[in-house]
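Next comes input_28.cif, with mmCIF, C-alpha atoms.
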data_start
#
loop_
_atom_site.group_PDB
_atom_site.id
_atom_site.type_symbol
_atom_site.label_atom_id
_atom_site.label_comp_id
_atom_site.auth_asym_id
_atom_site.auth_seq_id
_atom_site.Cartn_x
_atom_site.Cartn_y
_atom_site.Cartn_z
ATOM 1 C CA MET H 665 -23.122 80.109 234.683
ATOM 2 C CA ASN H 666 -24.140 76.452 234.704
ATOM 3 C CA HIS H 667 -24.624 74.091 237.653
ATOM 4 C CA ASP H 668 -21.073 72.663 237.527
ATOM 5 C CA GLN H 669 -19.508 76.119 237.578
ATOM 6 C CA ILE H 670 -21.647 77.130 240.556
ATOM 7 C CA GLN H 671 -20.623 73.971 242.431
ATOM 8 C CA GLN H 672 -16.972 74.648 241.622
ATOM 9 C CA GLU H 673 -17.254 78.238 242.895
ATOM 10 C CA ILE H 674 -18.945 77.025 246.090
ATOM 11 C CA SER H 675 -16.230 74.425 246.710
ATOM 12 C CA ILE H 676 -13.512 77.077 246.205
ATOM 13 C CA ILE H 677 -15.241 79.397 248.693
ATOM 14 C CA LYS H 678 -15.632 76.524 251.183
ATOM 15 C CA SER H 679 -11.957 75.587 250.919
ATOM 16 C CA MET H 680 -10.935 79.238 251.388
ATOM 17 C CA ILE H 681 -13.113 79.513 254.506
ATOM 18 C CA GLU H 682 -11.683 76.262 255.880
ATOM 19 C CA LYS H 683 -8.107 77.410 255.173
ATOM 20 C CA THR H 684 -8.765 80.734 256.898
ATOM 21 C CA ARG H 685 -10.315 78.991 259.889
ATOM 22 C CA LYS H 686 -7.351 76.645 260.267
ATOM 23 C CA GLU H 687 -4.787 79.415 259.941
ATOM 24 C CA THR H 688 -6.670 81.782 262.240
ATOM 25 C CA ALA H 689 -5.220 80.484 265.486
ATOM 26 C CA GLU H 690 -1.649 80.941 264.350
ATOM 27 C CA SER H 691 -0.017 80.014 267.600
ATOM 28 C CA GLY H 692 -0.670 79.517 271.252
ATOM 29 C CA HIS H 693 1.718 82.259 272.379
ATOM 30 C CA LEU H 694 -1.153 84.376 273.727
ATOM 31 C CA PHE H 695 -2.350 81.571 276.018
ATOM 32 C CA ILE H 696 1.149 80.548 277.089
ATOM 33 C CA PHE H 697 1.971 84.191 277.889
ATOM 34 C CA MET H 698 -1.268 84.677 279.856
ATOM 35 C CA GLY H 699 -0.664 81.400 281.683
ATOM 36 C CA ILE H 700 2.932 82.070 282.718
ATOM 37 C CA THR H 701 2.236 85.633 283.885
ATOM 38 C CA ALA H 702 -0.863 84.451 285.788
ATOM 39 C CA VAL H 703 1.098 81.662 287.525
ATOM 40 C CA VAL H 704 3.767 84.172 288.599
ATOM 41 C CA PHE H 705 1.043 86.586 289.800
ATOM 42 C CA VAL H 706 -0.825 83.950 291.842
ATOM 43 C CA LEU H 707 2.360 82.421 293.252
ATOM 44 C CA VAL H 708 3.923 85.720 294.372
ATOM 45 C CA VAL H 709 0.716 87.123 295.892
ATOM 46 C CA SER H 710 -0.118 83.828 297.634
ATOM 47 C CA LEU H 711 3.376 83.465 299.109
ATOM 48 C CA LEU H 712 3.185 87.014 300.467
ATOM 49 C CA GLY H 713 -0.063 86.045 302.198
ATOM 50 C CA LEU H 714 1.363 82.770 303.533
ATOM 51 C CA TYR H 715 4.349 84.586 305.068
ATOM 52 C CA HIS H 716 2.043 87.260 306.569
ATOM 53 C CA LEU H 717 3.477 90.067 304.453
ATOM 54 C CA HIS H 718 -0.013 91.439 303.857
ATOM 55 C CA GLN H 719 1.172 95.037 303.516
ATOM 56 C CA TRP H 720 2.949 94.051 300.296
ATOM 57 C CA VAL H 721 0.037 92.170 298.694
ATOM 58 C CA LEU H 722 -1.823 95.109 297.134
ATOM 59 C CA PRO H 723 1.282 96.985 295.862
ATOM 60 C CA THR H 724 2.597 93.727 294.400
ATOM 61 C CA MET H 725 -0.747 92.982 292.721
ATOM 62 C CA ILE H 726 -0.820 96.463 291.171
ATOM 63 C CA ALA H 727 2.832 96.278 290.070
ATOM 64 C CA LEU H 728 2.422 92.809 288.519
ATOM 65 C CA THR H 729 -0.794 93.841 286.752
ATOM 66 C CA VAL H 730 0.910 96.901 285.213
ATOM 67 C CA LEU H 731 4.005 94.861 284.290
ATOM 68 C CA ASN H 732 1.895 92.085 282.718
ATOM 69 C CA GLY H 733 -0.101 94.674 280.757
ATOM 70 C CA MET H 734 3.082 96.259 279.402
ATOM 71 C CA LEU H 735 4.620 92.891 278.536
ATOM 72 C CA GLY H 736 1.368 91.798 276.888
ATOM 73 C CA TYR H 737 1.354 94.907 274.726
ATOM 74 C CA LEU H 738 5.024 94.494 273.772
ATOM 75 C CA ILE H 739 4.900 90.764 273.087
ATOM 76 C CA VAL H 740 1.373 90.100 271.817
ATOM 77 C CA GLY H 741 0.293 93.576 270.681
ATOM 78 C CA ARG H 742 3.342 94.302 268.546
ATOM 79 C CA ALA H 743 3.216 90.844 266.968
ATOM 80 C CA GLU H 744 -0.361 91.598 265.893
ATOM 81 C CA GLN H 745 0.638 94.999 264.470
ATOM 82 C CA LYS H 746 3.340 93.397 262.305
ATOM 83 C CA GLU H 747 0.831 91.106 260.624
ATOM 84 C CA LYS H 748 -0.253 92.335 257.211
ATOM 85 C CA VAL H 749 -3.538 90.425 257.315
ATOM 86 C CA THR H 750 -5.507 89.506 260.426
ATOM 87 C CA SER H 751 -8.498 87.211 260.098
ATOM 88 C CA TYR H 752 -11.850 88.147 261.570
ATOM 89 C CA PRO H 753 -11.995 85.194 264.037
ATOM 90 C CA LYS H 754 -8.531 86.042 265.353
ATOM 91 C CA THR H 755 -9.575 89.666 265.874
ATOM 92 C CA ILE H 756 -12.704 88.492 267.722
ATOM 93 C CA VAL H 757 -10.617 86.244 270.015
ATOM 94 C CA LEU H 758 -8.227 89.091 270.835
ATOM 95 C CA TYR H 759 -11.126 91.399 271.707
ATOM 96 C CA LEU H 760 -12.718 88.595 273.733
ATOM 97 C CA TRP H 761 -9.577 88.310 275.868
ATOM 98 C CA VAL H 762 -9.268 92.085 276.213
ATOM 99 C CA ILE H 763 -12.821 92.148 277.603
ATOM 100 C CA CYS H 764 -12.118 89.154 279.870
ATOM 101 C CA SER H 765 -8.971 90.925 281.138
ATOM 102 C CA VAL H 766 -10.919 94.110 281.899
ATOM 103 C CA ASN H 767 -13.494 92.007 283.734
ATOM 104 C CA ILE H 768 -10.755 90.244 285.754
ATOM 105 C CA ILE H 769 -9.130 93.591 286.656
ATOM 106 C CA LEU H 770 -12.501 94.911 287.912
ATOM 107 C CA LEU H 771 -13.094 91.688 289.866
ATOM 108 C CA THR H 772 -9.607 91.907 291.386
ATOM 109 C CA PHE H 773 -9.282 95.566 292.294
ATOM 110 C CA LEU H 774 -12.627 97.371 292.306
ATOM 111 C CA PHE H 775 -15.365 95.157 293.742
ATOM 112 C CA PRO H 776 -13.468 93.775 296.769
ATOM 113 C CA PHE H 777 -12.644 97.357 297.830
ATOM 114 C CA LEU H 778 -16.299 98.305 297.411
ATOM 115 C CA LYS H 779 -17.068 95.410 299.809
ATOM 116 C CA VAL H 780 -19.195 93.640 297.181
ATOM 117 C CA TYR H 781 -17.431 90.404 298.194
ATOM 118 C CA SER H 782 -14.328 89.365 300.123
ATOM 119 C CA PHE H 783 -10.952 88.650 298.575
ATOM 120 C CA GLN H 784 -11.548 84.941 299.259
ATOM 121 C CA ALA H 785 -14.194 84.924 296.474
ATOM 122 C CA LEU H 786 -11.753 86.418 293.966
ATOM 123 C CA PRO H 787 -10.162 83.182 292.619
ATOM 124 C CA VAL H 788 -13.611 81.644 292.111
ATOM 125 C CA LEU H 789 -14.918 84.631 290.128
ATOM 126 C CA VAL H 790 -11.726 84.931 288.057
ATOM 127 C CA SER H 791 -11.879 81.205 287.223
ATOM 128 C CA LEU H 792 -15.479 81.521 286.037
ATOM 129 C CA THR H 793 -14.504 84.413 283.742
ATOM 130 C CA ALA H 794 -11.465 82.546 282.368
ATOM 131 C CA GLY H 795 -13.624 79.482 281.716
ATOM 132 C CA ILE H 796 -16.015 81.555 279.601
ATOM 133 C CA GLY H 797 -13.062 83.017 277.664
ATOM 134 C CA VAL H 798 -11.529 79.607 276.916
ATOM 135 C CA PHE H 799 -14.896 78.097 275.975
ATOM 136 C CA MET H 800 -15.734 80.955 273.594
ATOM 137 C CA THR H 801 -12.243 80.731 272.056
ATOM 138 C CA GLY H 802 -13.022 77.109 271.208
ATOM 139 C CA ILE H 803 -16.351 78.135 269.657
ATOM 140 C CA ILE H 804 -14.802 80.927 267.558
ATOM 141 C CA TYR H 805 -11.833 78.833 266.362
ATOM 142 C CA GLU H 806 -14.031 75.717 266.015
ATOM 143 C CA MET H 807 -11.520 73.770 268.114
ATOM 144 C CA ARG H 808 -13.156 71.240 270.378
ATOM 145 C CA PHE H 809 -10.161 70.771 272.672
ATOM 146 C CA PHE H 810 -10.506 74.375 273.916
ATOM 147 C CA ARG H 811 -14.055 73.641 274.992
ATOM 148 C CA TRP H 812 -12.908 70.571 276.931
ATOM 149 C CA PHE H 813 -10.109 72.495 278.647
ATOM 150 C CA SER H 814 -12.539 75.238 279.670
ATOM 151 C CA ILE H 815 -14.158 72.725 282.057
ATOM 152 C CA THR H 816 -10.956 72.859 284.133
ATOM 153 C CA TRP H 817 -11.691 76.454 285.089
ATOM 154 C CA TRP H 818 -15.216 75.676 286.302
ATOM 155 C CA VAL H 819 -14.101 72.570 288.221
ATOM 156 C CA GLY H 820 -11.342 74.670 289.809
ATOM 157 C CA ALA H 821 -13.877 77.371 290.743
ATOM 158 C CA VAL H 822 -16.133 74.819 292.456
ATOM 159 C CA LEU H 823 -13.197 73.237 294.330
ATOM 160 C CA MET H 824 -11.960 76.632 295.538
ATOM 161 C CA ALA H 825 -15.482 77.521 296.691
ATOM 162 C CA VAL H 826 -15.919 74.270 298.633
ATOM 163 C CA ILE H 827 -12.444 73.574 300.067
ATOM 164 C CA GLN H 828 -11.182 75.596 303.013
ATOM 165 C CA SER H 829 -7.382 75.783 302.914
ATOM 166 C CA GLN H 830 -4.555 78.294 302.747
ATOM 167 C CA TYR H 831 -3.168 76.324 299.813
ATOM 168 C CA LEU H 832 -6.104 76.980 297.460
ATOM 169 C CA PHE H 833 -3.691 78.877 295.215
ATOM 170 C CA LEU H 834 -2.354 75.465 294.092
ATOM 171 C CA ILE H 835 -5.794 74.702 292.573
ATOM 172 C CA MET H 836 -5.684 78.076 290.818
ATOM 173 C CA ILE H 837 -2.192 77.371 289.456
ATOM 174 C CA ALA H 838 -3.328 73.908 288.264
ATOM 175 C CA SER H 839 -6.331 75.546 286.528
ATOM 176 C CA ILE H 840 -4.025 78.049 284.812
ATOM 177 C CA ILE H 841 -1.618 75.345 283.610
ATOM 178 C CA ILE H 842 -4.371 73.016 282.358
ATOM 179 C CA GLY H 843 -6.753 75.744 281.178
ATOM 180 C CA TRP H 844 -4.306 78.125 279.436
ATOM 181 C CA ILE H 845 -0.753 76.837 279.092
ATOM 182 C CA ILE H 846 -1.486 73.305 277.837
ATOM 183 C CA PRO H 847 -4.025 74.529 275.201
ATOM 184 C CA GLY H 848 -1.383 77.075 274.141
ATOM 185 C CA PHE H 849 1.171 74.312 273.560
ATOM 186 C CA ILE H 850 -1.403 72.208 271.679
ATOM 187 C CA LEU H 851 -2.161 75.217 269.480
ATOM 188 C CA ASN H 852 1.564 75.737 268.855
ATOM 189 C CA LYS H 853 1.981 72.072 267.896
ATOM 190 C CA GLN H 854 -0.935 72.245 265.453
ATOM 191 C CA TYR H 855 0.459 75.448 263.937
ATOM 192 C CA LYS H 856 3.913 73.868 263.561
ATOM 193 C CA ASN H 857 2.405 70.793 261.897
ATOM 194 C CA ARG H 858 0.434 73.002 259.463
ATOM 195 C CA SER H 859 3.581 74.997 258.663
ATOM 196 C CA ASN H 860 5.492 71.781 257.927
ATOM 197 C CA GLU H 861 2.649 70.564 255.675
ATOM 198 C CA ASN H 862 2.622 73.874 253.775
ATOM 199 C CA GLU H 863 6.403 73.741 253.251
ATOM 200 C CA SER H 864 6.329 70.174 251.906
#
In structure tokens, how does this file's structure come out?
Amino acid sequence: MNHDQIQQEISIIKSMIEKTRKETAESGHLFIFMGITAVVFVLVVSLLGLYHLHQWVLPTMIALTVLNGMLGYLIVGRAEQKEKVTSYPKTIVLYLWVICSVNIILLTFLFPFLKVYSFQALPVLVSLTAGIGVFMTGIIYEMRFFRWFSITWWVGAVLMAVIQSQYLFLIMIASIIIGWIIPGFILNKQYKNRSNENES
């Protein structure tokens, strides 16, 4: 094999890697789903607290967590099972968010009841975890915009730690929209544009 053939083989491998990387993040449905369910969760639980229906907060949190888990499995999990080929980066991102979700569940239900911290610290800790997840998604997919959007979560965490208000849930909802839902729509737009390019 001469030098030109080696260079040609290398360029083919590079183009295949680049194609795989670009097609890895097929759509932003995962982030849009996580964002919408999280907004509903935060809104419902916060409104129960605002209207002093504290006895319903924990049962509602448990019910919404179970419901979101079931919906996530049905919507996201089954879509993944139907795929004939799943790229390695996409698999890594899915496992990353499974681990982040487990971490968030522990932060939400276990540690406050063990009196490690109060429930007031919960949004701050969840935001820090979500920020890591979004940032690492950007690293794995090599998409810079994810890394920029991850900053939203950390800014939100700092604001919620500093500001004293019963309306802190609005900062959390803003973090969810900017940090999950908007990147999901950007990902969907990029995927749609790639699909149109492939068809033409």
Check the smallest atom-to-atom distance from each of H:Cys764, H:Ile769, H:Met698, H:Leu792 to Met725 (chain H) using only C-alpha atoms, then report the winner.
-> H:Ile769
Spatial neighbours of Leu851 (chain H), max dist 10 Å, only C-alpha atoms, sep filter under 4 positions, as a PDB file with C-alpha atoms, in the coordinates of the input:
ATOM      1  CA  ALA H 689      -5.220  80.484 265.486  1.00  0.00           C
ATOM      2  CA  GLU H 690      -1.649  80.941 264.350  1.00  0.00           C
ATOM      3  CA  SER H 691      -0.017  80.014 267.600  1.00  0.00           C
ATOM      4  CA  GLY H 692      -0.670  79.517 271.252  1.00  0.00           C
ATOM      5  CA  HIS H 693       1.718  82.259 272.379  1.00  0.00           C
ATOM      6  CA  PHE H 695      -2.350  81.571 276.018  1.00  0.00           C
ATOM      7  CA  ILE H 696       1.149  80.548 277.089  1.00  0.00           C
ATOM      8  CA  MET H 807     -11.520  73.770 268.114  1.00  0.00           C
ATOM      9  CA  PHE H 809     -10.161  70.771 272.672  1.00  0.00           C
ATOM     10  CA  PHE H 810     -10.506  74.375 273.916  1.00  0.00           C
ATOM     11  CA  ILE H 845      -0.753  76.837 279.092  1.00  0.00           C
ATOM     12  CA  ILE H 846      -1.486  73.305 277.837  1.00  0.00           C
ATOM     13  CA  PRO H 847      -4.025  74.529 275.201  1.00  0.00           C
ATOM     14  CA  TYR H 855       0.459  75.448 263.937  1.00  0.00           C
ATOM     15  CA  LYS H 856       3.913  73.868 263.561  1.00  0.00           C
ATOM     16  CA  ASN H 857       2.405  70.793 261.897  1.00  0.00           C
TER      17      ASN H 857
END
Within 7 Å of region 699-717 of chain H, which residues of region 739-845 of chain H come that close, and what is the closest atom pair and distance in Å for each? Count all atoms listed in the file and give it as JSON lines.
{"residue": "H:Phe833", "atom": "CA", "partner": "H:Ser710", "partner_atom": "CA", "distance": 6.6}
{"residue": "H:Ile837", "atom": "CA", "partner": "H:Val703", "partner_atom": "CA", "distance": 5.7}
{"residue": "H:Ile840", "atom": "CA", "partner": "H:Gly699", "partner_atom": "CA", "distance": 5.7}
{"residue": "H:Ile841", "atom": "CA", "partner": "H:Gly699", "partner_atom": "CA", "distance": 6.4}
{"residue": "H:Trp844", "atom": "CA", "partner": "H:Gly699", "partner_atom": "CA", "distance": 5.4}
{"residue": "H:Ile845", "atom": "CA", "partner": "H:Gly699", "partner_atom": "CA", "distance": 5.2}
Counting only C-alpha atoms, closest pick from H:Trp720, H:Tyr737, H:Tyr805, H:Phe799 relative to Ile756 (chain H) is H:Tyr805
When distances are computed from only C-alpha atoms, which of H:Val788, H:Ile850, H:Leu731, H:Ala794 shows the smallest separation from Ile835 (chain H)?
->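 Residue with the minimum atom-to-atom distance to Ile835 (chain H): H:Val788.
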Pairwise distance, CA of Leu823 (chain H) with CA of Ala785 (chain H), equals 11.9 Å
Starting from the shown file, work through the PyMOL selection byres ((chain H and resi 825) around 9) and note down what comes out as number ranges by chain.
-> H: 784-785, 787-788, 820-824, 826-828
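Note that the spacing between CA of Leu832 (chain H) and CA of Leu758 (chain H) amounts to 29.3 Å.
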Name the closest residue to Ile768 (chain H) among the candidates H:Gln672, H:Thr793, H:Ser829, H:Asn732; distances are taken between atoms, counting all atoms listed in the file.
-> H:Thr793
Find the residue from H:Leu760, H:Met734, H:Leu770, H:Ala838 that sits nearest to Trp817 (chain H); use only C-alpha atoms when measuring.
-> H:Ala838
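The space separating CA of Gly802 (chain H) from CA of Trp761 (chain H) comes to 12.6 Å.
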When the PyMOL selection byres ((chain H and resi 771) around 10) is applied to the file above, which residues end up in the set, as a list in words?
->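 On the file shown, the PyMOL selection byres ((chain H and resi 771) around 10) covers Ser765, Val766, Asn767, Ile768, Ile769, Leu770, Thr772, Phe773, Leu774, Phe775, Pro776, Phe777, Val780, Tyr781, Phe783, Ala785, Leu786, Pro787, Leu789, Val790 and Thr793 of chain H.
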Selection: 8 Å around Gly795 (chain H), only C-alpha atoms, excl. self and same-chain fewer than 4 positions, as an NGL selection string = :H and (791 or 799 or 814-818 or 843)
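With all atoms listed in the file as the basis for measurement, H:Ile804 is the residue among H:Pro723, H:Ile796, H:Lys779, H:Ile804 that approaches Tyr752 (chain H) most closely.
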